[in-house]
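Colleague: Shown below is the structure under consideration.
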Amino acid sequence: MSPPVASPGWSRWLVPPAALSVHLSIGQAYAWSVFKPPLESALDLSGTQSALPFQVAIVMLGLSAAFGGTLVERNGPRWAMTVALVCFSSGFLISALGAATQQYWLIVLGYGFVGGIGLGIGYISPVSTLIKWFPDRPGMATGIAIMGFGGGALIASPLSAQMLESFGSDNSGIALAFLVHGVTYAVFMALGVLLVRVPRGEKPVEGGPSAVDGVQVSARDAVRTPQFWCLWVVLCMNVTAGIGILEKAAPMITDFFADTSTPVSVSAAAGFVALLSAANMAGRIGWSSTSDLIGRKNMYRVYLGAGALMYGLIALFGDSSKPLFILCALVILSFYGGGFATIPAYLKDLFGTYQVGAIHGRLLTAWSTAGVLGPLIVNWIADRQEEAGKHGASLYGLSFVIMIGLLGVGFVANELVRPVHPSRHIPAPRKETADARRQHSEPA
């Protein structure tokens with residue numbers, strides 16, 4: 001499937017909507033919690049078991065993005081979006097069969113393994129193309145698309161809840177909801193497949209600078225540089241800090257103010273989670289666009305330095321001021337989302353556009369690591385503190401100190417980032433030759 005080339009006069013502003021159609025769809029992953037209680041009731045599952053499809057999906061997201069990144073670069077955005085469509089929608093259809101037959105392993109296989117591959121390929125599918133269309137504003141361009149992933153749950157969560165209310169929360173109702181999801185997302189993602197284009201001659205329109213000027217480094221060489229691993233640490237630490245709050249947001253705010261005169265109700269805690277999702281979404285476009293003005297390194301100084309400050313304020317004063325707690329948490333989650341959206345542009349600055357999608361895919365293994373590390377730190381320490389007889393805000397004090405330390409590690413790693421040594425650059429006249437050679441030698 002050859003990449004569709006834009007015809008003369010094609011507007012580059014049609015490409016972000018194509019990317020959004022994919023990212024808004026796969027962003028449903030953040031709404032998995034809607035299905036947890038019905039699955040636990042219908043299939044007699046524990047909370048740990050009902051979380052397994054989501055955990056497998058996130059792991060597969062990182063792995064498929066890492067190992068499929070080169071294929072995405074080689075075959076283009078339409079191929080990648082088509083693979084994402086087939087895998088993500090098929091995952092729901094397999095899950096529907098699993099729910100209907102009460103075979104939970106099929107739900108893990110479908111949503112987790114097959115759907116997770118769709119998540120990973122879909123997540124990186126538009127990145128390289130957007131950067132080539134918007135070399136003058138790469139942070140804004142990737143922020144628009146990746147904003148969709150953060151905001152997908154705002155659409156999917158109420159729709160999923162409504163489906164379960166209409167169809168029923170037994171196994172047949174869950175199966176029908178999965179089926180409708182699979183068909184609906186297939187149609188919506190198909191819009192992106194049909195709309196996406198690559199620049200003619202891989203040069204942007206509307207007077208932007210050439211997308212192939214400057215430093216160009218292959219994916220194979222990029223992972224051998226200290227710059228790549230510094231950014232891996234930066235992303236991992238930033239995501240760990242954000243997901244530590246996101247994953248336990250509702251019980252956390254409830255615990256913090258349980259012993260005060262203004263305890264937080266269940267509905268208020270749910271509203272807090274919605275606010276965090278909105279901050280996550282807004283940060284992806286707002287902070288990534290800001291990085292085009294102040295530079296990527298400075299932007300991560302804000303994410304990591306100010307993020308540590310926010311954690312410190314919550315640890316010291318969070319239980320005495322509800323507005324302060326909410327404000328600091330919103331800022332941390334906006335940095336969490338902004339970090340995801342800014343990293344492709346940071347990679348483009350260091351390694352060029354040559355195989356930036358493949359490099360981005362490999363870097364997303366940091367997300368898989370953080371997805372395990374963040375919840376593990378917060379939940380394990382909270383459990384141990386509760387066993388020791390502590391309660392309220394004291395359940396999280398040590399976790400927040402650890403998060404501050406991790407953000408400090410990320411800050412140092414960001415300071416160590418330097419331009420890539422010229423020995424890793426691909427000379428411009430040899431790029432096509434090098435690409436052809438790597439097609440035969442480089443693993444997908």
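Residues in the structure tokens are named by chain (A, B, ... in the order shown) and by number from 1 within that chain; ligands are numbered from 1 in the order shown.
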Could I get the residues of region 132-245 of chain A with an atom no further than 12 Å from an atom of region 397-402 of chain A, each paired with its nearest atom pair and that distance in Å to one decimal, using only C-alpha atoms, sorted by chain and residue number, as a tab-separated table?

Modeller:
residue	atom	partner	partner_atom	distance
A:Met237	CA	A:Ile402	CA	10.8
A:Thr240	CA	A:Ile402	CA	10.5
A:Ala241	CA	A:Phe400	CA	8.7
A:Gly242	CA	A:Phe400	CA	11.1
A:Gly244	CA	A:Ser399	CA	8.7
A:Ile245	CA	A:Phe400	CA	9.6

Colleague: So that I can check the surroundings of region 281-287 of chain A, please list as a PyMOL selection string every protein, DNA and RNA residue that reaches within 6 Å of it, counting only C-alpha atoms and ignoring chain neighbours fewer than 3 positions away.

Modeller: chain A and resi 143-144+147+150-151+278+290+334+337-338+341

Colleague: Between CA of Trp367 (chain A) and CA of Leu45 (chain A), what is the spacing in Å?

Modeller: 26.9 Å

Colleague: So that I can check the surroundings of Asp221 (chain A), please list as a list in words every protein, DNA and RNA residue that reaches within 10 Å of it, counting only C-alpha atoms and ignoring chain neighbours fewer than 6 positions away.

Modeller: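 The contact residues come out as Phe228, Phe351, Ile359, Ser423, Arg424, His425 and Ile426 of chain A.
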
Colleague: Let's have the selection written as a PDB file, in the first residue's frame, with N, CA, C and O atoms.

Modeller:
ATOM      1  N   PHE A 228      19.424   9.481  22.839  1.00  0.00           N
ATOM      2  CA  PHE A 228      18.202   8.672  22.847  1.00  0.00           C
ATOM      3  C   PHE A 228      17.888   8.192  24.258  1.00  0.00           C
ATOM      4  O   PHE A 228      16.753   8.288  24.724  1.00  0.00           O
ATOM      5  N   PHE A 351      17.353  14.207  15.843  1.00  0.00           N
ATOM      6  CA  PHE A 351      17.646  13.151  14.871  1.00  0.00           C
ATOM      7  C   PHE A 351      17.112  13.419  13.470  1.00  0.00           C
ATOM      8  O   PHE A 351      17.352  12.627  12.560  1.00  0.00           O
ATOM      9  N   ILE A 359      12.032   6.001  15.451  1.00  0.00           N
ATOM     10  CA  ILE A 359      12.726   6.376  16.689  1.00  0.00           C
ATOM     11  C   ILE A 359      11.709   6.615  17.799  1.00  0.00           C
ATOM     12  O   ILE A 359      11.891   6.171  18.937  1.00  0.00           O
ATOM     13  N   SER A 423      29.295  11.867  13.497  1.00  0.00           N
ATOM     14  CA  SER A 423      29.570  10.517  13.007  1.00  0.00           C
ATOM     15  C   SER A 423      28.297   9.695  12.852  1.00  0.00           C
ATOM     16  O   SER A 423      28.288   8.691  12.124  1.00  0.00           O
ATOM     17  N   ARG A 424      27.207  10.114  13.511  1.00  0.00           N
ATOM     18  CA  ARG A 424      25.927   9.403  13.411  1.00  0.00           C
ATOM     19  C   ARG A 424      25.045   9.955  12.292  1.00  0.00           C
ATOM     20  O   ARG A 424      24.008   9.380  11.990  1.00  0.00           O
ATOM     21  N   HIS A 425      25.433  11.069  11.690  1.00  0.00           N
ATOM     22  CA  HIS A 425      24.616  11.686  10.656  1.00  0.00           C
ATOM     23  C   HIS A 425      24.677  10.892   9.364  1.00  0.00           C
ATOM     24  O   HIS A 425      25.714  10.296   9.028  1.00  0.00           O
ATOM     25  N   ILE A 426      23.587  10.932   8.617  1.00  0.00           N
ATOM     26  CA  ILE A 426      23.560  10.334   7.286  1.00  0.00           C
ATOM     27  C   ILE A 426      23.781  11.450   6.268  1.00  0.00           C
ATOM     28  O   ILE A 426      22.987  12.391   6.202  1.00  0.00           O
TER      29      ILE A 426
END

Colleague: Can you pull out every residue within 7 Å of region 59-67 of chain A, counting only C-alpha atoms, but drop anything in the same chain fewer than 5 positions away, and send it as a VMD selection string?

Modeller: chain A and resid 113 116 to 117 119 to 121 124 361 to 362 364 to 365 367 to 368 444

Colleague: With all heavy atoms retained, write the just-selected residues as an mmCIF file, in the first residue's frame.

Modeller:
data_model
loop_
_atom_site.group_PDB
_atom_site.id
_atom_site.type_symbol
_atom_site.label_atom_id
_atom_site.label_comp_id
_atom_site.auth_asym_id
_atom_site.auth_seq_id
_atom_site.Cartn_x
_atom_site.Cartn_y
_atom_site.Cartn_z
ATOM 1 N N PHE A 113 -4.010 -8.011 23.616
ATOM 2 C CA PHE A 113 -2.920 -8.341 22.676
ATOM 3 C C PHE A 113 -3.172 -7.757 21.285
ATOM 4 O O PHE A 113 -2.379 -6.953 20.788
ATOM 5 C CB PHE A 113 -2.754 -9.856 22.599
ATOM 6 C CG PHE A 113 -1.592 -10.290 21.752
ATOM 7 C CD1 PHE A 113 -0.296 -10.284 22.274
ATOM 8 C CD2 PHE A 113 -1.777 -10.667 20.435
ATOM 9 C CE1 PHE A 113 0.781 -10.665 21.490
ATOM 10 C CE2 PHE A 113 -0.703 -11.048 19.642
ATOM 11 C CZ PHE A 113 0.579 -11.047 20.174
ATOM 12 N N GLY A 116 -3.975 -4.028 21.510
ATOM 13 C CA GLY A 116 -2.772 -3.316 21.923
ATOM 14 C C GLY A 116 -1.819 -3.054 20.770
ATOM 15 O O GLY A 116 -1.160 -2.010 20.711
ATOM 16 N N ILE A 117 -1.745 -4.002 19.828
ATOM 17 C CA ILE A 117 -0.936 -3.773 18.623
ATOM 18 C C ILE A 117 -1.505 -2.594 17.832
ATOM 19 O O ILE A 117 -0.774 -1.728 17.335
ATOM 20 C CB ILE A 117 -0.889 -5.041 17.755
ATOM 21 C CG1 ILE A 117 -0.145 -6.156 18.492
ATOM 22 C CG2 ILE A 117 -0.228 -4.757 16.409
ATOM 23 C CD1 ILE A 117 -0.185 -7.499 17.792
ATOM 24 N N LEU A 119 -3.128 -0.124 19.110
ATOM 25 C CA LEU A 119 -2.789 1.074 19.869
ATOM 26 C C LEU A 119 -1.401 1.587 19.502
ATOM 27 O O LEU A 119 -1.210 2.778 19.246
ATOM 28 C CB LEU A 119 -2.836 0.782 21.366
ATOM 29 C CG LEU A 119 -4.191 0.631 22.052
ATOM 30 C CD1 LEU A 119 -3.988 0.281 23.528
ATOM 31 C CD2 LEU A 119 -5.004 1.898 21.930
ATOM 32 N N GLY A 120 -0.421 0.695 19.512
ATOM 33 C CA GLY A 120 0.956 1.103 19.264
ATOM 34 C C GLY A 120 1.180 1.621 17.856
ATOM 35 O O GLY A 120 1.776 2.691 17.648
ATOM 36 N N ILE A 121 0.701 0.860 16.862
ATOM 37 C CA ILE A 121 0.876 1.281 15.467
ATOM 38 C C ILE A 121 0.075 2.546 15.195
ATOM 39 O O ILE A 121 0.533 3.461 14.505
ATOM 40 C CB ILE A 121 0.455 0.153 14.506
ATOM 41 C CG1 ILE A 121 1.314 -1.103 14.742
ATOM 42 C CG2 ILE A 121 0.572 0.606 13.057
ATOM 43 C CD1 ILE A 121 2.791 -0.905 14.499
ATOM 44 N N ILE A 124 1.770 5.891 16.670
ATOM 45 C CA ILE A 124 2.900 6.483 15.946
ATOM 46 C C ILE A 124 2.602 6.720 14.465
ATOM 47 O O ILE A 124 3.415 7.340 13.764
ATOM 48 C CB ILE A 124 4.172 5.612 16.069
ATOM 49 C CG1 ILE A 124 3.972 4.248 15.424
ATOM 50 C CG2 ILE A 124 4.582 5.475 17.521
ATOM 51 C CD1 ILE A 124 5.233 3.400 15.386
ATOM 52 N N GLY A 361 8.786 5.303 18.056
ATOM 53 C CA GLY A 361 8.261 4.014 18.468
ATOM 54 C C GLY A 361 9.147 3.318 19.475
ATOM 55 O O GLY A 361 8.676 2.768 20.479
ATOM 56 N N ARG A 362 10.445 3.344 19.230
ATOM 57 C CA ARG A 362 11.380 2.714 20.166
ATOM 58 C C ARG A 362 11.382 3.423 21.515
ATOM 59 O O ARG A 362 11.517 2.797 22.570
ATOM 60 C CB ARG A 362 12.782 2.710 19.564
ATOM 61 C CG ARG A 362 12.955 1.674 18.431
ATOM 62 C CD ARG A 362 14.112 2.071 17.508
ATOM 63 N NE ARG A 362 14.482 1.013 16.571
ATOM 64 C CZ ARG A 362 13.811 0.706 15.465
ATOM 65 N NH1 ARG A 362 12.702 1.379 15.167
ATOM 66 N NH2 ARG A 362 14.220 -0.254 14.660
ATOM 67 N N LEU A 364 8.910 4.780 22.969
ATOM 68 C CA LEU A 364 7.680 4.551 23.723
ATOM 69 C C LEU A 364 7.767 3.345 24.651
ATOM 70 O O LEU A 364 6.846 3.123 25.452
ATOM 71 C CB LEU A 364 6.493 4.390 22.768
ATOM 72 C CG LEU A 364 6.027 5.680 22.075
ATOM 73 C CD1 LEU A 364 4.844 5.387 21.166
ATOM 74 C CD2 LEU A 364 5.663 6.752 23.092
ATOM 75 N N THR A 365 8.852 2.575 24.575
ATOM 76 C CA THR A 365 9.051 1.533 25.592
ATOM 77 C C THR A 365 9.188 2.171 26.978
ATOM 78 O O THR A 365 8.925 1.506 27.988
ATOM 79 C CB THR A 365 10.291 0.690 25.278
ATOM 80 O OG1 THR A 365 11.430 1.551 25.110
ATOM 81 C CG2 THR A 365 10.093 -0.115 23.994
ATOM 82 N N TRP A 367 7.214 4.428 28.036
ATOM 83 C CA TRP A 367 5.830 4.509 28.483
ATOM 84 C C TRP A 367 5.399 3.185 29.114
ATOM 85 O O TRP A 367 4.775 3.160 30.176
ATOM 86 C CB TRP A 367 4.944 4.860 27.293
ATOM 87 C CG TRP A 367 3.496 5.107 27.620
ATOM 88 C CD1 TRP A 367 2.902 5.065 28.844
ATOM 89 C CD2 TRP A 367 2.472 5.453 26.687
ATOM 90 N NE1 TRP A 367 1.557 5.355 28.732
ATOM 91 C CE2 TRP A 367 1.273 5.595 27.414
ATOM 92 C CE3 TRP A 367 2.455 5.651 25.305
ATOM 93 C CZ2 TRP A 367 0.062 5.920 26.808
ATOM 94 C CZ3 TRP A 367 1.250 5.976 24.702
ATOM 95 C CH2 TRP A 367 0.077 6.114 25.446
ATOM 96 N N SER A 368 5.735 2.072 28.451
ATOM 97 C CA SER A 368 5.385 0.765 29.000
ATOM 98 C C SER A 368 6.010 0.575 30.385
ATOM 99 O O SER A 368 5.372 0.055 31.308
ATOM 100 C CB SER A 368 5.852 -0.349 28.055
ATOM 101 O OG SER A 368 5.169 -0.279 26.824
ATOM 102 N N ALA A 444 12.212 -5.182 11.679
ATOM 103 C CA ALA A 444 11.036 -4.344 11.866
ATOM 104 C C ALA A 444 10.715 -4.183 13.338
ATOM 105 O O ALA A 444 9.991 -3.311 13.712
ATOM 106 C CB ALA A 444 9.846 -4.956 11.155
#

Colleague: Nearest to Ala306 (chain A): which of A:Leu333, A:Ser89, A:Gly110, A:Thr262 is it, counting only C-alpha atoms?

Modeller: A:Leu333

Colleague: If you measure from CA of Ser265 (chain A) to CA of Ala388 (chain A), what distance in Å do you get, rounded to one decimal?

Modeller: 25.6 Å

Colleague: Using only C-alpha atoms, which of the listed residues (A:Tyr300, A:Tyr346, A:Tyr185, A:Phe340) sits closest to Val412 (chain A)?

Modeller: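 Closest to Val412 (chain A) of all the choices is A:Tyr300.
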
Colleague: One decimal, Å: what's the distance from CA of Tyr303 (chain A) over to CA of Phe335 (chain A), could you say?

Modeller: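 Distance reported for this atom pair: 5.3 Å.
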
Colleague: Which residues are near Ala177 (chain A)? Cut-off 9 Å, only C-alpha atoms, ignore same chain within fewer than 2 positions. Put them as an mmCIF file with all heavy atoms, in the first residue's frame.

Modeller:
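Dumped to part_4.cif:
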data_model
loop_
_atom_site.group_PDB
_atom_site.id
_atom_site.type_symbol
_atom_site.label_atom_id
_atom_site.label_comp_id
_atom_site.auth_asym_id
_atom_site.auth_seq_id
_atom_site.Cartn_x
_atom_site.Cartn_y
_atom_site.Cartn_z
ATOM 1 N N ALA A 96 -15.837 -9.152 22.113
ATOM 2 C CA ALA A 96 -17.287 -9.379 22.109
ATOM 3 C C ALA A 96 -17.590 -10.876 22.127
ATOM 4 O O ALA A 96 -18.489 -11.328 22.854
ATOM 5 C CB ALA A 96 -17.915 -8.723 20.879
ATOM 6 N N SER A 160 -19.639 4.609 26.492
ATOM 7 C CA SER A 160 -19.572 3.226 26.962
ATOM 8 C C SER A 160 -20.548 3.001 28.108
ATOM 9 O O SER A 160 -21.246 1.976 28.167
ATOM 10 C CB SER A 160 -18.144 2.887 27.412
ATOM 11 O OG SER A 160 -17.231 3.005 26.343
ATOM 12 N N MET A 163 -24.023 2.794 26.712
ATOM 13 C CA MET A 163 -24.260 1.504 26.058
ATOM 14 C C MET A 163 -24.549 0.415 27.074
ATOM 15 O O MET A 163 -25.476 -0.399 26.902
ATOM 16 C CB MET A 163 -23.036 1.104 25.217
ATOM 17 C CG MET A 163 -22.862 1.873 23.938
ATOM 18 S SD MET A 163 -21.448 1.248 22.995
ATOM 19 C CE MET A 163 -21.181 2.596 21.861
ATOM 20 N N LEU A 164 -23.757 0.373 28.136
ATOM 21 C CA LEU A 164 -23.953 -0.655 29.155
ATOM 22 C C LEU A 164 -25.291 -0.470 29.872
ATOM 23 O O LEU A 164 -25.932 -1.447 30.278
ATOM 24 C CB LEU A 164 -22.801 -0.619 30.158
ATOM 25 C CG LEU A 164 -21.440 -1.075 29.615
ATOM 26 C CD1 LEU A 164 -20.328 -0.767 30.613
ATOM 27 C CD2 LEU A 164 -21.454 -2.569 29.294
ATOM 28 N N PHE A 167 -27.846 -1.658 26.963
ATOM 29 C CA PHE A 167 -27.766 -3.065 26.582
ATOM 30 C C PHE A 167 -27.807 -4.007 27.783
ATOM 31 O O PHE A 167 -28.079 -5.194 27.639
ATOM 32 C CB PHE A 167 -26.476 -3.338 25.798
ATOM 33 C CG PHE A 167 -26.327 -2.513 24.549
ATOM 34 C CD1 PHE A 167 -25.061 -2.161 24.074
ATOM 35 C CD2 PHE A 167 -27.431 -2.076 23.838
ATOM 36 C CE1 PHE A 167 -24.911 -1.406 22.924
ATOM 37 C CE2 PHE A 167 -27.292 -1.317 22.683
ATOM 38 C CZ PHE A 167 -26.028 -0.987 22.232
ATOM 39 N N SER A 172 -24.035 -10.657 27.921
ATOM 40 C CA SER A 172 -24.540 -10.373 26.575
ATOM 41 C C SER A 172 -24.550 -8.870 26.299
ATOM 42 O O SER A 172 -24.259 -8.434 25.171
ATOM 43 C CB SER A 172 -25.943 -10.948 26.416
ATOM 44 O OG SER A 172 -26.841 -10.386 27.360
ATOM 45 N N GLY A 173 -24.862 -8.063 27.319
ATOM 46 C CA GLY A 173 -24.823 -6.614 27.140
ATOM 47 C C GLY A 173 -23.418 -6.097 26.912
ATOM 48 O O GLY A 173 -23.189 -5.214 26.071
ATOM 49 N N ILE A 174 -22.459 -6.648 27.644
ATOM 50 C CA ILE A 174 -21.059 -6.270 27.453
ATOM 51 C C ILE A 174 -20.600 -6.660 26.059
ATOM 52 O O ILE A 174 -19.904 -5.893 25.372
ATOM 53 C CB ILE A 174 -20.172 -6.945 28.524
ATOM 54 C CG1 ILE A 174 -20.543 -6.443 29.920
ATOM 55 C CG2 ILE A 174 -18.687 -6.678 28.242
ATOM 56 C CD1 ILE A 174 -19.893 -7.223 31.048
ATOM 57 N N ALA A 175 -20.997 -7.862 25.611
ATOM 58 C CA ALA A 175 -20.612 -8.327 24.275
ATOM 59 C C ALA A 175 -21.149 -7.392 23.199
ATOM 60 O O ALA A 175 -20.438 -7.041 22.247
ATOM 61 C CB ALA A 175 -21.120 -9.747 24.051
ATOM 62 N N LEU A 179 -19.099 -5.055 20.536
ATOM 63 C CA LEU A 179 -19.367 -5.148 19.100
ATOM 64 C C LEU A 179 -19.609 -3.773 18.487
ATOM 65 O O LEU A 179 -19.044 -3.433 17.430
ATOM 66 C CB LEU A 179 -20.578 -6.058 18.865
ATOM 67 C CG LEU A 179 -21.037 -6.239 17.411
ATOM 68 C CD1 LEU A 179 -19.953 -6.913 16.584
ATOM 69 C CD2 LEU A 179 -22.324 -7.055 17.354
ATOM 70 N N VAL A 180 -20.435 -2.968 19.152
ATOM 71 C CA VAL A 180 -20.718 -1.617 18.643
ATOM 72 C C VAL A 180 -19.443 -0.772 18.634
ATOM 73 O O VAL A 180 -19.191 -0.020 17.676
ATOM 74 C CB VAL A 180 -21.815 -0.945 19.492
ATOM 75 C CG1 VAL A 180 -21.985 0.516 19.083
ATOM 76 C CG2 VAL A 180 -23.133 -1.693 19.344
ATOM 77 N N HIS A 181 -18.618 -0.901 19.661
ATOM 78 C CA HIS A 181 -17.344 -0.186 19.688
ATOM 79 C C HIS A 181 -16.490 -0.565 18.487
ATOM 80 O O HIS A 181 -15.921 0.307 17.808
ATOM 81 C CB HIS A 181 -16.578 -0.507 20.976
ATOM 82 C CG HIS A 181 -16.961 0.341 22.146
ATOM 83 N ND1 HIS A 181 -18.155 0.196 22.815
ATOM 84 C CD2 HIS A 181 -16.319 1.356 22.784
ATOM 85 C CE1 HIS A 181 -18.226 1.075 23.796
ATOM 86 N NE2 HIS A 181 -17.114 1.790 23.809
ATOM 87 N N GLY A 182 -16.362 -1.851 18.224
ATOM 88 C CA GLY A 182 -15.506 -2.307 17.132
ATOM 89 C C GLY A 182 -15.948 -1.760 15.788
ATOM 90 O O GLY A 182 -15.125 -1.285 14.988
#

Colleague: Nearest residue to Pro199 (chain A) out of A:Asn414, A:Gln28, A:Ser7, A:Ser125, using only C-alpha atoms?

Modeller: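 The answer is A:Ser7, which sits nearest to Pro199 (chain A).
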
Colleague: Which residues are near region 24-26 of chain A? Cut-off 12 Å, only C-alpha atoms, ignore same chain within fewer than 5 positions. Put them as a PyMOL selection string.

Modeller: chain A and resi 16-19+31-32+57-58+61+81+84-89+91-92+111+115-125+144-157+181-192+281

Colleague: Name all residues at most 12 Å from Val217 (chain A) (count only C-alpha atoms; drop same-chain ones fewer than 5 positions away) and give them as an MDAnalysis selection string.

Modeller: chainID A and resid 212 222:225 227:228 347:359 419:428 430:431 434:435
